[in-house]
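*Asks:* Below you'll find the structure I mean.
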Amino acid sequence: MNLELILLVFGAIFVNTILVFFLVNCFSRKKKLIKFPKKKFLRKKIWIISPIAILLLGYFIFAIFFQNDIYHSPKSKFENGLNLIFFADQYPSEEEFDSDVSELVKGLRKIIPWNSFSNYNIHKIFPKSDRVCKIKTDNERKPTLRCDEKINRNLEKLELARFKLIVLSRREFQSWANVARLENSGIFFSLPDPISEENSGVQDVLFAHLMGHAFGLKDEEKFVLAKAGGAPHTPDGPNCAPDEATARQWWGDLAANDPEIGYFPTCCGEDDFVKPTQSSLMNLNSGMENFQANYGAVSERYLFKILNYCFSPEKTKYENDPDFFDRYSEYRECL
């Protein structure tokens with residue numbers, strides 16, 4: 001409970017106590033309405049037990065039906081900043097939730113390009129109900145977390161035009177994210193245990209991978225988590241091309257100057273598609289033997305542009321980067 005809720009509860013108890021005291025006094029004087037037992041000890045029991053029972057009942061009714069979801073937003077927000085909304089699922093305490101949020105954000109800001117970006121607006125929602133999300137197994141390769149549409153009520157209260165939702169859950173499931181670009185989308189992150197020094201590295205890598213998906217990066221691997229079809233399996237860039245000829249058009253300038261960038265097979269679940277790196281944060285299956293905790297120059301350039309064009313106070317113009325805005329027309333909203 002937060003301080004406001006505690007004050008409300010004690011205020012309600014105080015008012016109820018006064019009310020019960022008044023009613024008992026009133027009825028005890030009107031013998032026609034109620035007759036107390038003659039024995040003093042029975043009368044004392046009624047005086048003590050009745051108010052306590054009524055107060056306990058009132059307290060539980062208040063706690064169940066009138067406890068509010070807890071919202072925390074930054075006191076000073078960056079205009080046009082990147083809004084990250086963290087939502088707690090099955091957390092035993094707000095303190096644990098706050099700690100995990102802090103650790104994930106800290107880990108993300110160690111990775112290019114997130115480390116050079118500062119316009120983060122971190123919002124946190126600790127809901128009163130733990131029934132907003134549930135584990136789904138039907139038609140899924142692995143158990144996954146799905147949230148009810150009523151979560152939108154929580155999001156609407158923040159009145160944010162553009163955001164990324166991050167559901168942190170104490171349940172065990174396959175973490176996943178919507179593959180999106182500018183549109184609002186979700187990350188669903190399984191954290192059965194609190195983040196610690198022992199597991200922070202693994203969690204940082206997975207969270208960065210999912211953040212990449214949330215802004216349009218594709219899986220640079222054979223086995224993807226999403227169902228067949230749709231954006232996760234479409235080789236429309238920035239880090240997955242349908243063939244080498246297209247890849248050379250998209251990142252040939254970087255490949256000419258960076259030995260780590262090339263034209264490698266397999267991305268978006270298809271061997272025939274082409275990716276720019278053999279190992280990166282977007283390849284957590286087949287590339288682990290030579291794993292590097294970065295996105296690679298192609299994806300980094302793409303993310304840098306999004307952060308600068310859409311989430312910084314400085315405005316850009318179409319003429320500054322026409323190729324980018326023609327290729328990714330949805331980002332014209334940021335102009």
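FYI, nothing fancy with the structure tokens labels: chains A, B, ... in order, residues from 1 per chain, ligands from 1 as they appear.
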Per DSSP on the backbone, filter region 163-246 of chain A down to the residues in helix (DSSP H, G or I) and report them as a list in words.
*Replies:*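 Everything in region 163-246 of chain A that counts as helix (DSSP H, G or I) is Ser200, Gly201, Val202, Gln203, Asp204, Val205, Leu206, Phe207, Ala208, His209, Leu210, Met211, Gly212, His213, Ala214, Ala231, Pro232, His233, Glu244, Ala245 and Thr246 of chain A.
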*Asks:* According to DSSP computed on the backbone, where in region 63-312 of chain A is there strand (DSSP E)? Give the residues as a PyMOL selection string.
*Replies:* chain A and resi 70-72+82-89+120-126+133-136+144-147+164-169+176-177+185-190+264-267+270-275
*Asks:* For a quick check of understanding, using only C-alpha atoms, which of A:Ala180, A:Ile111, A:Leu254, A:Val101 has the smallest distance to Arg301 (chain A)?
*Replies:*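 Comparing A:Ala180, A:Ile111, A:Leu254, A:Val101 against Arg301 (chain A), the winner is A:Leu254.
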*Asks:* Contacts of Pro313 (chain A) at 10 Å or less, counting only C-alpha atoms, minus same-chain residues fewer than 3 places along, as a ChimeraX atom specification?
*Replies:* /A:78-81,119,308-310,316
*Asks:* Smallest atom-to-atom distance to Lys164 (chain A): which of A:Pro242, A:Thr137, A:Asp130, A:Leu84, using only C-alpha atoms?
*Replies:*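 Checking each of A:Pro242, A:Thr137, A:Asp130, A:Leu84 against Lys164 (chain A), counting only C-alpha atoms, the winner is A:Leu84.
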*Asks:* Extract, using only C-alpha atoms, all DNA, RNA and protein residues at most 7 Å from region 72-75 of chain A, discarding same-chain residues fewer than 6 positions from it, and format them as a PyMOL selection string.
*Replies:* chain A and resi 121-125
*Asks:* Which one of A:Phe311, A:Phe173, A:Tyr91, A:Phe304 sits closest to Cys334 (chain A) if you count only C-alpha atoms?
*Replies:*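 Using only C-alpha atoms, the shortest distance to Cys334 (chain A) belongs to A:Phe311.
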*Asks:* What's around region 190-200 of chain A at 10 Å? Count only C-alpha atoms, leave out sequence neighbours fewer than 6 positions away in its own chain, and write the answer as an mmCIF file with C-alpha atoms, in the first residue's frame.
*Replies:*
```cif
data_model
loop_
_atom_site.group_PDB
_atom_site.id
_atom_site.type_symbol
_atom_site.label_atom_id
_atom_site.label_comp_id
_atom_site.auth_asym_id
_atom_site.auth_seq_id
_atom_site.Cartn_x
_atom_site.Cartn_y
_atom_site.Cartn_z
ATOM 1 C CA ASP A 89 2.296 -8.968 -13.078
ATOM 2 C CA GLN A 90 2.248 -11.319 -10.060
ATOM 3 C CA TYR A 91 4.789 -9.266 -8.126
ATOM 4 C CA GLU A 96 10.688 -5.822 -5.929
ATOM 5 C CA PHE A 97 9.040 -4.427 -9.042
ATOM 6 C CA SER A 99 14.178 -2.900 -8.262
ATOM 7 C CA ASP A 100 13.746 -5.031 -11.409
ATOM 8 C CA VAL A 101 12.730 -2.000 -13.465
ATOM 9 C CA SER A 102 15.810 -0.098 -12.326
ATOM 10 C CA GLU A 103 18.128 -3.013 -13.112
ATOM 11 C CA LEU A 104 16.698 -3.556 -16.603
ATOM 12 C CA GLY A 107 21.495 -2.774 -18.194
ATOM 13 C CA THR A 144 3.447 -17.452 -23.234
ATOM 14 C CA LEU A 145 1.868 -14.506 -21.442
ATOM 15 C CA VAL A 167 5.000 -6.293 -18.757
ATOM 16 C CA LEU A 168 7.322 -7.735 -16.110
ATOM 17 C CA SER A 169 5.984 -10.987 -14.706
ATOM 18 C CA ARG A 170 7.004 -13.337 -11.904
ATOM 19 C CA ARG A 171 5.497 -16.234 -13.893
ATOM 20 C CA GLU A 172 7.531 -18.612 -16.037
ATOM 21 C CA PHE A 173 6.858 -18.450 -19.783
ATOM 22 C CA GLN A 174 8.608 -17.737 -23.080
ATOM 23 C CA SER A 175 9.438 -14.014 -23.089
ATOM 24 C CA TRP A 176 8.366 -12.315 -26.300
ATOM 25 C CA LEU A 206 17.289 -10.783 -23.474
#
```
*Asks:* Residues near Gln292 (chain A), anyone? I mean within 10 Å using only C-alpha atoms, not counting same-chain ones fewer than 2 positions away, as a PyMOL selection string.
*Replies:* chain A and resi 205+278-284+287-290+294-296
*Asks:* Could you list, with a cut-off of 12 Å and counting only C-alpha atoms, the residues of region 99-144 of chain A near region 209-217 of chain A, each shown with its nearest atom pair and the distance in Å rounded to one decimal, rows sorted by chain and ascending number, as a Markdown table?
*Replies:*
```
| residue | atom | partner | partner_atom | distance |
| --- | --- | --- | --- | --- |
| A:Leu104 | CA | A:Met211 | CA | 11.1 |
| A:Val105 | CA | A:Met211 | CA | 11.0 |
| A:Leu108 | CA | A:Met211 | CA | 8.9 |
| A:Arg109 | CA | A:Met211 | CA | 11.8 |
| A:Ile111 | CA | A:His209 | CA | 10.9 |
| A:Ile112 | CA | A:Gly212 | CA | 11.4 |
| A:Pro113 | CA | A:Gly212 | CA | 10.8 |
| A:Trp114 | CA | A:Met211 | CA | 10.1 |
```
*Asks:* Which residue, A:Ala161, A:Ala177, A:Ala245, A:Ala255, has the smallest gap to Val298 (chain A) when you use only C-alpha atoms?
*Replies:*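 Going through A:Ala161, A:Ala177, A:Ala245, A:Ala255 one by one, the smallest distance to Val298 (chain A) is for A:Ala255.
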*Asks:* Find the residues near Lys150 (chain A): any atom within 10 Å, counting only C-alpha atoms, skip ones fewer than 4 places away on the same chain, and give them as a list in words.
*Replies:*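 Once the adjacent positions are removed, what remains is Val132, Cys133, Asn154 and Leu155 of chain A.
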*Asks:* When distances are computed from only C-alpha atoms, which of A:Pro276, A:Asp258, A:Phe117, A:Ala88 shows the smallest separation from Ser312 (chain A)?
*Replies:*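 Looking only at the distances to Ser312 (chain A), the closest residue turns out to be A:Phe117.
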